[in-house]
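**Student:** Below is structure_2.txt; it holds compact mmCIF, C-alpha atoms (C1' of nucleotides).
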```
# COMPACT_ATOMS: atom_id res chain seq x y z
CA MET T 1 -66.97 10.92 59.21
CA LYS T 2 -69.91 9.48 61.05
CA LEU T 3 -71.50 11.08 64.04
CA THR T 4 -72.78 8.49 66.48
CA VAL T 5 -75.41 9.23 69.08
CA ARG T 6 -72.60 9.71 71.55
CA GLY T 7 -71.10 12.55 69.52
CA GLU T 8 -74.49 14.07 68.94
CA TYR T 9 -75.16 14.12 72.69
CA ALA T 10 -71.75 15.63 73.36
CA LEU T 11 -72.34 18.50 70.96
CA ARG T 12 -75.87 19.10 72.17
CA ALA T 13 -74.66 19.20 75.77
CA LEU T 14 -71.89 21.63 74.86
CA THR T 15 -74.38 23.84 73.05
CA HIS T 16 -76.57 23.78 76.12
CA LEU T 17 -73.64 24.92 78.25
CA GLY T 18 -72.62 27.47 75.64
CA LEU T 19 -76.03 29.08 75.59
CA ARG T 20 -75.76 29.51 79.37
CA TYR T 21 -72.05 30.26 79.54
CA SER T 22 -71.14 31.57 83.00
CA PRO T 23 -68.99 30.68 86.00
CA LYS T 24 -71.94 28.85 87.48
CA VAL T 25 -72.13 25.13 86.94
CA ILE T 26 -75.12 23.24 85.59
CA GLN T 27 -76.13 19.82 86.83
CA ILE T 28 -76.12 16.72 84.68
CA SER T 29 -79.76 16.09 85.44
CA VAL T 30 -80.74 19.54 84.19
CA ILE T 31 -78.96 19.05 80.88
CA SER T 32 -80.25 15.51 80.66
CA SER T 33 -83.90 16.46 80.89
CA ALA T 34 -83.64 19.64 78.83
CA GLU T 35 -81.86 17.88 75.99
CA ASN T 36 -83.60 14.55 76.25
CA ILE T 37 -80.41 12.55 76.86
CA PRO T 38 -80.24 9.47 79.15
CA LYS T 39 -78.68 10.71 82.35
CA ARG T 40 -76.25 7.88 82.98
CA PHE T 41 -75.01 8.04 79.44
CA LEU T 42 -74.59 11.81 79.57
CA GLU T 43 -72.60 11.40 82.76
CA GLN T 44 -70.12 9.28 80.85
CA ILE T 45 -69.97 11.71 77.96
CA LEU T 46 -69.46 14.82 80.08
CA ASN T 47 -66.70 13.08 81.93
CA ASP T 48 -65.09 12.32 78.60
CA LEU T 49 -65.43 15.97 77.56
CA ARG T 50 -63.73 16.91 80.80
CA THR T 51 -60.79 14.66 79.99
CA GLY T 52 -60.58 16.41 76.65
CA GLY T 53 -60.42 19.81 78.32
CA PHE T 54 -63.70 21.09 76.90
CA VAL T 55 -65.62 21.32 80.16
CA GLU T 56 -64.78 21.43 83.84
CA SER T 57 -66.71 20.07 86.75
CA ARG T 58 -67.46 20.79 90.31
CA ARG T 59 -68.39 18.03 92.71
CA GLY T 60 -70.60 17.98 95.69
CA VAL T 61 -73.96 19.41 96.56
CA ALA T 62 -73.74 22.46 94.32
CA GLY T 63 -71.81 20.54 91.67
CA GLY T 64 -72.23 20.40 87.94
CA TYR T 65 -70.49 21.25 84.70
CA ARG T 66 -69.49 24.37 82.83
CA LEU T 67 -67.33 25.10 79.79
CA ALA T 68 -63.60 25.04 80.46
CA LYS T 69 -63.00 27.92 78.03
CA PRO T 70 -65.06 30.48 76.15
CA PRO T 71 -67.25 29.15 73.32
CA GLU T 72 -65.09 30.91 70.70
CA LYS T 73 -62.16 28.75 71.74
CA ILE T 74 -63.98 25.44 71.38
CA VAL T 75 -63.62 24.13 67.84
CA ILE T 76 -66.17 21.57 66.69
CA ALA T 77 -63.61 19.55 64.78
CA GLY T 78 -61.67 19.11 68.00
CA VAL T 79 -64.69 17.94 69.92
CA ILE T 80 -65.62 15.40 67.27
CA ARG T 81 -62.06 14.12 67.04
CA HIS T 82 -61.98 13.61 70.78
CA ILE T 83 -65.33 11.86 71.01
CA GLU T 84 -65.59 10.00 67.73
CA GLY T 85 -62.11 9.82 66.28
CA ALA T 86 -61.13 10.57 62.70
CA LEU T 87 -63.03 13.07 60.56
CA ALA T 88 -61.86 11.30 57.41
CA PRO T 89 -64.22 8.78 55.79
CA ILE T 90 -61.42 6.22 55.66
CA GLY T 91 -58.34 5.71 57.81
CA CYS T 92 -55.73 5.98 55.06
CA VAL T 93 -56.53 9.67 54.43
CA SER T 94 -56.82 10.74 58.05
CA GLU T 95 -54.35 13.33 59.29
CA ASN T 96 -54.81 12.65 62.98
CA TYR T 97 -55.81 9.00 63.02
CA TYR T 98 -53.98 7.56 60.04
CA GLU T 99 -54.31 3.85 59.43
CA LYS T 100 -52.70 1.91 56.66
CA CYS T 101 -55.13 0.27 54.27
CA ASN T 102 -54.58 -2.99 52.47
CA CYS T 103 -54.63 -1.74 48.91
CA PRO T 104 -51.72 -2.85 46.72
CA ASP T 105 -50.20 0.62 46.48
CA GLU T 106 -51.45 3.49 48.58
CA ALA T 107 -49.57 6.17 46.65
CA ARG T 108 -51.29 5.13 43.42
CA CYS T 109 -54.75 4.59 44.87
CA ALA T 110 -57.42 6.57 43.03
CA LEU T 111 -59.93 5.97 45.77
CA ARG T 112 -57.56 7.48 48.28
CA SER T 113 -57.20 10.59 46.18
CA ILE T 114 -60.93 11.29 46.02
CA MET T 115 -61.44 10.43 49.68
CA LYS T 116 -58.71 12.86 50.54
CA GLU T 117 -60.79 15.59 48.95
CA VAL T 118 -63.80 14.55 50.96
CA ARG T 119 -61.77 14.61 54.15
CA ASP T 120 -60.38 18.05 53.40
CA SER T 121 -63.78 19.49 52.75
CA ILE T 122 -65.20 18.06 55.99
CA ALA T 123 -62.20 19.18 58.02
CA HIS T 124 -62.30 22.66 56.52
CA LEU T 125 -65.91 23.13 57.53
CA LEU T 126 -65.53 21.78 61.03
CA GLU T 127 -62.25 23.50 61.78
CA LYS T 128 -63.74 26.89 61.14
CA THR T 129 -66.84 26.24 63.22
CA THR T 130 -66.68 26.97 66.92
CA LEU T 131 -69.12 26.40 69.70
CA ALA T 132 -69.78 30.15 69.68
CA ASN T 133 -70.94 29.74 66.12
CA LEU T 134 -73.27 26.88 67.09
CA VAL T 135 -74.66 28.96 69.93
CA THR T 136 -75.35 31.84 67.56
CA ARG T 137 -77.12 29.51 65.18
CA ALA T 138 -79.23 28.15 68.01
CA GLU T 139 -80.20 31.67 69.08
CA LYS T 140 -81.09 32.69 65.56
CA LEU T 141 -83.15 29.57 64.99
CA LYS T 142 -85.02 30.23 68.18
CA ALA T 143 -85.60 33.88 67.28
CA ALA T 144 -86.85 32.94 63.81
CA ASP T 145 -89.21 30.50 65.39
CA LEU T 146 -90.59 33.08 67.79
CA ALA T 147 -91.06 35.53 64.90
CA ASP T 148 -93.06 32.88 63.08
CA ALA T 149 -95.21 32.38 66.13
CA ASP T 150 -95.91 36.13 66.36
CA PHE T 151 -96.79 36.23 62.73
CA VAL T 152 -99.30 33.43 63.17
CA ILE T 153 -100.99 35.31 65.99
CA MET S 1 -70.18 9.33 55.92
CA LYS S 2 -67.96 6.46 56.82
CA LEU S 3 -66.48 4.09 54.29
CA THR S 4 -66.21 0.57 55.66
CA VAL S 5 -63.88 -2.04 54.23
CA ARG S 6 -66.82 -3.36 52.28
CA GLY S 7 -67.30 -0.07 50.48
CA GLU S 8 -63.60 0.32 49.91
CA TYR S 9 -63.48 -3.12 48.28
CA ALA S 10 -66.50 -2.32 46.14
CA LEU S 11 -64.92 0.86 44.78
CA ARG S 12 -61.56 -0.76 44.24
CA ALA S 13 -63.18 -3.62 42.35
CA LEU S 14 -65.16 -1.18 40.19
CA THR S 15 -62.00 0.77 39.44
CA HIS S 16 -60.31 -2.47 38.43
CA LEU S 17 -63.16 -3.20 36.03
CA GLY S 18 -63.19 0.41 34.82
CA LEU S 19 -59.51 0.33 33.93
CA ARG S 20 -60.17 -2.74 31.80
CA TYR S 21 -63.60 -1.75 30.52
CA SER S 22 -64.63 -4.05 27.65
CA PRO S 23 -67.31 -6.56 26.74
CA LYS S 24 -65.08 -9.28 28.13
CA VAL S 25 -65.70 -10.40 31.67
CA ILE S 26 -63.06 -10.67 34.37
CA GLN S 27 -63.03 -13.46 36.94
CA ILE S 28 -63.48 -12.83 40.64
CA SER S 29 -60.24 -14.59 41.43
CA VAL S 30 -58.32 -12.25 39.13
CA ILE S 31 -59.72 -9.14 40.80
CA SER S 32 -59.29 -10.72 44.19
CA SER S 33 -55.58 -11.35 43.82
CA ALA S 34 -54.81 -8.13 41.94
CA GLU S 35 -56.58 -5.98 44.50
CA ASN S 36 -55.75 -8.00 47.57
CA ILE S 37 -59.37 -8.64 48.54
CA PRO S 38 -60.57 -11.90 50.16
CA LYS S 39 -62.22 -13.86 47.38
CA ARG S 40 -65.30 -15.02 49.24
CA PHE S 41 -65.98 -11.56 50.50
CA LEU S 42 -65.52 -10.03 47.07
CA GLU S 43 -67.98 -12.56 45.68
CA GLN S 44 -70.57 -11.19 48.07
CA ILE S 45 -69.76 -7.59 47.23
CA LEU S 46 -69.83 -8.04 43.45
CA ASN S 47 -73.15 -9.76 43.76
CA ASP S 48 -74.39 -6.77 45.68
CA LEU S 49 -73.08 -4.43 42.99
CA ARG S 50 -74.92 -6.50 40.43
CA THR S 51 -78.16 -6.08 42.33
CA GLY S 52 -77.53 -2.35 42.27
CA GLY S 53 -77.10 -2.38 38.51
CA PHE S 54 -73.46 -1.36 38.51
CA VAL S 55 -72.00 -4.58 37.11
CA GLU S 56 -73.25 -7.60 35.24
CA SER S 57 -72.06 -11.17 35.38
CA ARG S 58 -71.56 -14.12 33.13
CA ARG S 59 -71.61 -17.62 34.50
CA GLY S 60 -69.86 -20.78 33.52
CA VAL S 61 -66.36 -21.68 32.50
CA ALA S 62 -65.56 -18.35 30.88
CA GLY S 63 -67.59 -16.44 33.41
CA GLY S 64 -66.83 -13.29 35.36
CA TYR S 65 -67.89 -9.69 35.85
CA ARG S 66 -67.90 -6.50 33.81
CA LEU S 67 -69.40 -3.06 34.22
CA ALA S 68 -73.10 -2.84 33.43
CA LYS S 69 -72.68 0.62 31.90
CA PRO S 70 -69.84 2.88 30.79
CA PRO S 71 -67.67 4.34 33.58
CA GLU S 72 -68.96 7.86 32.88
CA LYS S 73 -72.44 6.71 33.88
CA ILE S 74 -71.39 5.25 37.21
CA VAL S 75 -71.56 7.92 39.91
CA ILE S 76 -69.53 7.30 43.06
CA ALA S 77 -72.21 8.75 45.33
CA GLY S 78 -74.64 6.16 43.97
CA VAL S 79 -72.27 3.29 44.60
CA ILE S 80 -71.60 4.38 48.16
CA ARG S 81 -75.28 4.89 48.87
CA HIS S 82 -76.02 1.40 47.64
CA ILE S 83 -73.23 -0.30 49.55
CA GLU S 84 -72.95 1.79 52.71
CA GLY S 85 -76.13 3.79 53.01
CA ALA S 86 -76.37 7.51 53.80
CA LEU S 87 -73.67 9.98 52.82
CA ALA S 88 -74.73 12.31 55.63
CA PRO S 89 -72.82 12.21 58.92
CA ILE S 90 -76.08 11.91 60.82
CA GLY S 91 -79.47 10.50 59.89
CA CYS S 92 -81.52 13.65 60.49
CA VAL S 93 -79.81 15.51 57.63
CA SER S 94 -79.80 12.68 55.10
CA GLU S 95 -81.76 13.22 51.91
CA ASN S 96 -82.01 9.58 50.93
CA TYR S 97 -81.90 7.82 54.28
CA TYR S 98 -83.55 10.28 56.62
CA GLU S 99 -84.01 9.24 60.22
CA LYS S 100 -85.59 11.27 62.94
CA CYS S 101 -83.29 12.17 65.80
CA ASN S 102 -84.30 12.56 69.41
CA CYS S 103 -83.43 16.20 69.91
CA PRO S 104 -86.19 18.32 71.45
CA ASP S 105 -86.83 20.33 68.29
CA GLU S 106 -85.28 19.35 64.99
CA ALA S 107 -86.17 22.60 63.25
CA ARG S 108 -84.31 24.63 65.85
CA CYS S 109 -81.31 22.31 66.18
CA ALA S 110 -78.02 24.14 65.63
CA LEU S 111 -76.13 20.87 65.28
CA ARG S 112 -78.43 19.84 62.50
CA SER S 113 -77.75 23.05 60.63
CA ILE S 114 -73.97 22.62 60.62
CA MET S 115 -74.21 18.91 59.82
CA LYS S 116 -76.42 19.77 56.88
CA GLU S 117 -73.56 21.81 55.48
CA VAL S 118 -71.19 18.90 55.94
CA ARG S 119 -73.60 16.59 54.18
CA ASP S 120 -74.03 18.95 51.26
CA SER S 121 -70.33 19.32 50.77
CA ILE S 122 -69.76 15.56 50.80
CA ALA S 123 -72.68 14.92 48.48
CA HIS S 124 -71.58 17.63 46.08
CA LEU S 125 -68.12 16.10 45.74
CA LEU S 126 -69.30 12.54 45.33
CA GLU S 127 -72.18 13.33 42.98
CA LYS S 128 -69.86 14.93 40.49
CA THR S 129 -67.32 12.14 40.61
CA THR S 130 -67.83 9.21 38.27
CA LEU S 131 -66.00 5.95 37.89
CA ALA S 132 -64.48 7.37 34.70
CA ASN S 133 -62.97 10.08 36.84
CA LEU S 134 -61.53 7.53 39.25
CA VAL S 135 -60.10 5.56 36.36
CA THR S 136 -58.43 8.67 34.99
CA ARG S 137 -56.94 9.40 38.39
CA ALA S 138 -55.61 5.86 38.61
CA GLU S 139 -54.01 6.15 35.18
CA LYS S 140 -52.42 9.47 35.99
CA LEU S 141 -51.09 8.22 39.30
CA LYS S 142 -49.59 5.25 37.56
CA ALA S 143 -48.02 7.43 34.86
CA ALA S 144 -46.58 9.79 37.44
CA ASP S 145 -45.13 6.85 39.25
CA LEU S 146 -43.49 5.50 36.10
CA ALA S 147 -42.04 8.93 35.37
CA ASP S 148 -40.53 8.95 38.84
CA ALA S 149 -39.04 5.55 38.22
CA ASP S 150 -37.46 6.76 34.99
CA PHE S 151 -36.09 9.75 36.72
CA VAL S 152 -34.42 7.60 39.33
CA ILE S 153 -32.70 5.55 36.64
C1' DG Y 1 -71.26 -34.53 31.54
C1' DA Y 2 -67.44 -32.61 33.84
C1' DA Y 3 -65.20 -28.59 35.09
C1' DT Y 4 -65.69 -24.07 36.28
C1' DC Y 5 -67.73 -20.38 38.18
C1' DC Y 6 -71.55 -17.69 39.90
C1' DT Y 7 -75.65 -17.63 43.49
C1' DT Y 8 -77.71 -17.72 47.78
C1' DG Y 9 -78.17 -18.01 52.41
C1' DA Y 10 -76.41 -19.35 56.76
C1' DT Y 11 -73.09 -18.79 60.09
C1' DT Y 12 -69.35 -17.19 62.87
C1' DG Y 13 -66.43 -14.31 65.64
C1' DA Y 14 -64.96 -9.95 66.70
C1' DA Y 15 -65.75 -5.22 67.32
C1' DT Y 16 -68.62 -1.33 68.22
C1' DG Y 17 -72.32 1.30 70.09
C1' DG Y 18 -75.82 2.49 73.40
C1' DA Y 19 -77.01 2.17 77.86
C1' DT Y 20 -77.17 0.87 82.84
C1' DC Y 21 -75.29 -0.16 87.49
C1' DG Y 22 -72.76 0.13 91.79
C1' DA Y 23 -69.40 1.66 94.69
C1' DG Y 24 -66.46 5.45 95.76
C1' DA Y 25 -64.84 10.30 96.18
C1' DT Y 26 -65.87 15.04 97.02
C1' DT Y 27 -68.21 18.97 98.65
C1' DC Y 28 -71.70 21.53 100.97
C1' DT Y 29 -74.83 22.28 104.73
C1' DA Y 30 -77.40 21.60 108.77
C1' DT I 1 -69.35 16.00 111.99
C1' DA I 2 -73.11 13.35 109.80
C1' DG I 3 -75.42 13.02 105.81
C1' DA I 4 -77.22 14.41 101.41
C1' DA I 5 -76.20 15.67 96.80
C1' DT I 6 -73.35 15.27 93.04
C1' DC I 7 -69.60 13.96 90.18
C1' DT I 8 -66.12 9.81 89.14
C1' DC I 9 -64.77 5.54 87.45
C1' DG I 10 -64.84 0.99 86.12
C1' DA I 11 -67.59 -3.06 85.11
C1' DT I 12 -71.12 -5.05 82.67
C1' DC I 13 -74.94 -5.98 79.40
C1' DC I 14 -77.32 -6.36 75.19
C1' DA I 15 -78.06 -5.56 70.35
C1' DT I 16 -76.23 -4.54 66.09
C1' DT I 17 -72.91 -4.28 62.56
C1' DC I 18 -68.74 -5.83 60.15
C1' DA I 19 -65.61 -8.79 58.06
C1' DA I 20 -65.13 -13.08 56.61
C1' DT I 21 -66.00 -17.92 55.65
C1' DC I 22 -68.66 -21.98 54.36
C1' DA I 23 -71.68 -25.14 52.06
C1' DA I 24 -74.94 -26.55 48.85
C1' DG I 25 -76.73 -25.65 44.54
C1' DG I 26 -77.51 -23.85 39.84
C1' DA I 27 -75.90 -22.24 35.32
C1' DT I 28 -72.87 -22.33 31.57
C1' DT I 29 -69.46 -23.68 28.48
C1' DC I 30 -66.30 -26.90 26.47
```
Write out the structure in this file as C-alpha cells.
**Tutor:**
Amino acid sequence: MKLTVRGEYALRALTHLGLRYSPKVIQISVISSAENIPKRFLEQILNDLRTGGFVESRRGVAGGYRLAKPPEKIVIAGVIRHIEGALAPIGCVSENYYEKCNCPDEARCALRSIMKEVRDSIAHLLEKTTLANLVTRAEKLKAADLADADFVI
Amino acid sequence: MKLTVRGEYALRALTHLGLRYSPKVIQISVISSAENIPKRFLEQILNDLRTGGFVESRRGVAGGYRLAKPPEKIVIAGVIRHIEGALAPIGCVSENYYEKCNCPDEARCALRSIMKEVRDSIAHLLEKTTLANLVTRAEKLKAADLADADFVI
DNA sequence: GAATCCTTGATTGAATGGATCGAGATTCTA
DNA sequence: TAGAATCTCGATCCATTCAATCAAGGATTC
C-alpha cells in the first residue's frame, strides 16, 4: 500500500469534516485553506469522495460538503480503497483488486506468501480504524499540544 | 509500501539463488528463463543487487551470480529498501526515507499517527523475515504440492 | 584470441500522479 | 428573474516513474 498525495488530501479533508460534523455544509475553499490543499485539486477529490458515498454536497450560494454518514460509519480502509486502490503491496495478494502476476506458479510462490501476511496486517489495521477514531486522535493531539503550551507558560 | 515489478523480480531472483545457495555461480539467462523475467531487465536488477551487497558476480565464460552472504543474513526489509525505497505508506512516517509533508502541523496530524502504526507493522514483519525464511517457504510449498500430486494419483 | 558474459549508460514508450482550466449546472438572494 | 456563488465534469498539461530494450565496451576463461 502506498498513499499518494491524493489519498492524503482525501483523508485530511474527511478529518476536517469529521471534526466539524453537522448538517451544515463546509465550502471547498474553507477546507482548502485550512488544510493547505490546492483548491482545484481538492475539488476533484471531494467529488470523488462523493461518488464513493463518503460525503454529500450541496450546490449553489450556500453550497459545500459534509459527511454522508456519521464518522463511526466511515472506515479508513474503504476510503483508501476507493481513492487509491488495493491495500496489498502487490496485486497477486489483493482481495479486492486481484491481479495475476507473471511468476511461474502462483500457488508455490514464497514471495506471495510473505506479501499476503503484509497485506493482512495492513488491512487489519485499516479495517478497524474509522474516521471517528481519526477525529478522536486529532482532538487528543490538539489537547496534548495545548497542555504543553500551558506548561511552558 | 508498494512492490513494483522490479522489486518482485529482485526477490524472486534472490529466492532462486537462495534455493541453490553454493559457491557456484548461476547465469542470468538461467534465472531469467526459470523465473520468467526479461533477461535485459534482470541484468539491470542483479547489478543493482550487487551494488547493495546482496549478491556477487563472476565474469567471463563461466560467469554468473551467487549470493554475497548466507540466506539467513539477507533481510527482506533491506532488499526492499534498497530496490524500492521506503517501507512506509507515506514519506512523513518513514524512518529511513523521511520526507516532510505539507500538512499544517505534522506533530498534530491524526493521519500521520495511524500511518505510523501501519509502517511499524509492515517493518516489523519484513525485518524479521530473511531470505532463508523465504527459501524454506518455497521448499515447503513445493513439498506440499508434490504431496497433493501423489494424493491425486 | 575468440567466445561468453557481465557492466554501464542511454534511451524509449507507456503509465501514473499532481495540478490547472473552462464551461456548465444548480441554488440562493436581491 | 438576473446574477452571484458554488459545485460538477471533462479536458488538458507537465513531470516523474516504470518497465523494458539497446548498444558499446570490458573482463574472464578456455
**Student:** Pick out the chain T residues within 7 Å of chain S. Count only C-alpha atoms. Give them as a JSON list (two decimals) with C-alpha atoms, keeping the file's coordinate frame.
**Tutor:**
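Done, and the output landed in out-v7.json:
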```
[["chain", "number", "residue", "atom", "x", "y", "z"],
["T", 1, "MET", "CA", -66.97, 10.92, 59.21],
["T", 2, "LYS", "CA", -69.91, 9.48, 61.05],
["T", 3, "LEU", "CA", -71.50, 11.08, 64.04],
["T", 35, "GLU", "CA", -81.86, 17.88, 75.99],
["T", 36, "ASN", "CA", -83.60, 14.55, 76.25],
["T", 89, "PRO", "CA", -64.22, 8.78, 55.79],
["T", 90, "ILE", "CA", -61.42, 6.22, 55.66],
["T", 103, "CYS", "CA", -54.63, -1.74, 48.91],
["T", 104, "PRO", "CA", -51.72, -2.85, 46.72],
["T", 108, "ARG", "CA", -51.29, 5.13, 43.42],
["T", 109, "CYS", "CA", -54.75, 4.59, 44.87],
["T", 110, "ALA", "CA", -57.42, 6.57, 43.03],
["T", 111, "LEU", "CA", -59.93, 5.97, 45.77],
["T", 118, "VAL", "CA", -63.80, 14.55, 50.96],
["T", 121, "SER", "CA", -63.78, 19.49, 52.75],
["T", 122, "ILE", "CA", -65.20, 18.06, 55.99],
["T", 125, "LEU", "CA", -65.91, 23.13, 57.53],
["T", 134, "LEU", "CA", -73.27, 26.88, 67.09],
["T", 137, "ARG", "CA", -77.12, 29.51, 65.18],
["T", 138, "ALA", "CA", -79.23, 28.15, 68.01],
["T", 141, "LEU", "CA", -83.15, 29.57, 64.99],
["T", 142, "LYS", "CA", -85.02, 30.23, 68.18]]
```
**Student:** Work out how far C1' of DT16 (chain I) is from CA of Arg50 (chain T), in Å to one decimal.
**Tutor:**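 About the pair CA of Arg50 (chain T) and C1' of DT16 (chain I): they are 28.9 Å apart.
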**Student:** Please identify all residues of chain S having at least one atom at most 9 Å from any atom of chain I, considering only C-alpha atoms (C1' of nucleotides), and return them as a list in words.
**Tutor:**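 Using only C-alpha atoms (C1' of nucleotides), chain S residues at most 9 Å from chain I: Thr4, Val5, Arg6, Pro38, Arg40, Phe41, Arg58, Arg59, Gly60, Val61, Ala62 and Gly63 of chain S.
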**Student:** Any chance you can output those residues with C-alpha atoms as a compact mmCIF listing (two decimals), keeping the file's coordinate frame?
**Tutor:**
```txt
# COMPACT_ATOMS: atom_id res chain seq x y z
CA THR S 4 -66.21 0.57 55.66
CA VAL S 5 -63.88 -2.04 54.23
CA ARG S 6 -66.82 -3.36 52.28
CA PRO S 38 -60.57 -11.90 50.16
CA ARG S 40 -65.30 -15.02 49.24
CA PHE S 41 -65.98 -11.56 50.50
CA ARG S 58 -71.56 -14.12 33.13
CA ARG S 59 -71.61 -17.62 34.50
CA GLY S 60 -69.86 -20.78 33.52
CA VAL S 61 -66.36 -21.68 32.50
CA ALA S 62 -65.56 -18.35 30.88
CA GLY S 63 -67.59 -16.44 33.41
```
**Student:** So which one's closest to chain S, Y:DA15, Y:DC21, Y:DA30, Y:DC6? Using all atoms listed in the file, please.
**Tutor:**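 Ranked by minimum distance to chain S, first place goes to Y:DC6.
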**Student:** Considering only C-alpha atoms (C1' of nucleotides), extract the chain Y residues located within 8 Å of chain S and return them as a short mmCIF file (atom, residue, chain, number, x, y, z; two decimals) with C-alpha atoms (C1' of nucleotides), in the frame of the given file.
**Tutor:**
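That gives us out.cif:
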```cif
data_model
loop_
_atom_site.label_atom_id
_atom_site.label_comp_id
_atom_site.auth_asym_id
_atom_site.auth_seq_id
_atom_site.Cartn_x
_atom_site.Cartn_y
_atom_site.Cartn_z
"C1'" DA Y 3 -65.20 -28.59 35.09
"C1'" DT Y 4 -65.69 -24.07 36.28
"C1'" DC Y 5 -67.73 -20.38 38.18
"C1'" DC Y 6 -71.55 -17.69 39.90
#
```
**Student:** CA of Asp120 (chain S) and CA of Val55 (chain S) are how many Å apart?
**Tutor:** 27.5 Å
**Student:** Report, in Å to a single decimal, how far apart CA of Asn96 (chain T) and CA of Ala68 (chain T) are.
**Tutor:** 23.2 Å
**Student:** List the neighbours of Glu127 (chain S) out to 8 Å using all atoms listed in the file; skip same-chain residues closer than 5 positions along the sequence, and give me the result as a list in words.
**Tutor:** Val75, Ile76, Ala77 and Gly78 of chain S
**Student:** Now that the selection is made, can you save its residues with C-alpha atoms as a PDB file, keeping the file's coordinate frame?
**Tutor:**
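Generated output (out_16.pdb):
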```
ATOM      1  CA  VAL S  75     -71.560   7.920  39.910  1.00  0.00           C
ATOM      2  CA  ILE S  76     -69.530   7.300  43.060  1.00  0.00           C
ATOM      3  CA  ALA S  77     -72.210   8.750  45.330  1.00  0.00           C
ATOM      4  CA  GLY S  78     -74.640   6.160  43.970  1.00  0.00           C
TER       5      GLY S  78
END
```
**Student:** Just region 28-33 of chain S from the block, all heavy atoms, as a PDB file, in the first residue's frame, could you?
**Tutor:**
```pdb
ATOM      1  N   ILE S  28      22.646 -15.428 -15.640  1.00  0.00           N
ATOM      2  CA  ILE S  28      21.438 -14.609 -15.749  1.00  0.00           C
ATOM      3  C   ILE S  28      20.388 -15.321 -16.596  1.00  0.00           C
ATOM      4  O   ILE S  28      19.213 -15.385 -16.235  1.00  0.00           O
ATOM      5  CB  ILE S  28      21.763 -13.253 -16.400  1.00  0.00           C
ATOM      6  CG1 ILE S  28      22.544 -12.368 -15.431  1.00  0.00           C
ATOM      7  CG2 ILE S  28      20.493 -12.550 -16.815  1.00  0.00           C
ATOM      8  CD1 ILE S  28      22.796 -10.988 -15.956  1.00  0.00           C
ATOM      9  N   SER S  29      20.827 -15.877 -17.707  1.00  0.00           N
ATOM     10  CA  SER S  29      19.852 -16.462 -18.631  1.00  0.00           C
ATOM     11  C   SER S  29      19.109 -17.634 -17.998  1.00  0.00           C
ATOM     12  O   SER S  29      17.944 -17.878 -18.302  1.00  0.00           O
ATOM     13  CB  SER S  29      20.533 -16.895 -19.922  1.00  0.00           C
ATOM     14  OG  SER S  29      21.593 -17.782 -19.618  1.00  0.00           O
ATOM     15  N   VAL S  30      19.799 -18.349 -17.102  1.00  0.00           N
ATOM     16  CA  VAL S  30      19.152 -19.466 -16.412  1.00  0.00           C
ATOM     17  C   VAL S  30      18.041 -18.954 -15.498  1.00  0.00           C
ATOM     18  O   VAL S  30      16.905 -19.441 -15.520  1.00  0.00           O
ATOM     19  CB  VAL S  30      20.184 -20.268 -15.587  1.00  0.00           C
ATOM     20  CG1 VAL S  30      19.488 -21.295 -14.701  1.00  0.00           C
ATOM     21  CG2 VAL S  30      21.187 -20.948 -16.508  1.00  0.00           C
ATOM     22  N   ILE S  31      18.388 -17.946 -14.697  1.00  0.00           N
ATOM     23  CA  ILE S  31      17.401 -17.361 -13.785  1.00  0.00           C
ATOM     24  C   ILE S  31      16.249 -16.770 -14.597  1.00  0.00           C
ATOM     25  O   ILE S  31      15.078 -16.963 -14.289  1.00  0.00           O
ATOM     26  CB  ILE S  31      18.041 -16.254 -12.920  1.00  0.00           C
ATOM     27  CG1 ILE S  31      19.280 -16.802 -12.198  1.00  0.00           C
ATOM     28  CG2 ILE S  31      17.042 -15.706 -11.918  1.00  0.00           C
ATOM     29  CD1 ILE S  31      20.007 -15.769 -11.369  1.00  0.00           C
ATOM     30  N   SER S  32      16.636 -16.044 -15.629  1.00  0.00           N
ATOM     31  CA  SER S  32      15.655 -15.382 -16.472  1.00  0.00           C
ATOM     32  C   SER S  32      14.593 -16.334 -17.007  1.00  0.00           C
ATOM     33  O   SER S  32      13.398 -16.057 -16.917  1.00  0.00           O
ATOM     34  CB  SER S  32      16.382 -14.701 -17.628  1.00  0.00           C
ATOM     35  OG  SER S  32      15.500 -14.428 -18.680  1.00  0.00           O
ATOM     36  N   SER S  33      15.031 -17.480 -17.533  1.00  0.00           N
ATOM     37  CA  SER S  33      14.029 -18.376 -18.111  1.00  0.00           C
ATOM     38  C   SER S  33      13.280 -19.159 -17.038  1.00  0.00           C
ATOM     39  O   SER S  33      12.076 -19.390 -17.156  1.00  0.00           O
ATOM     40  CB  SER S  33      14.655 -19.312 -19.145  1.00  0.00           C
ATOM     41  OG  SER S  33      15.696 -20.041 -18.553  1.00  0.00           O
TER      42      SER S  33
END
```
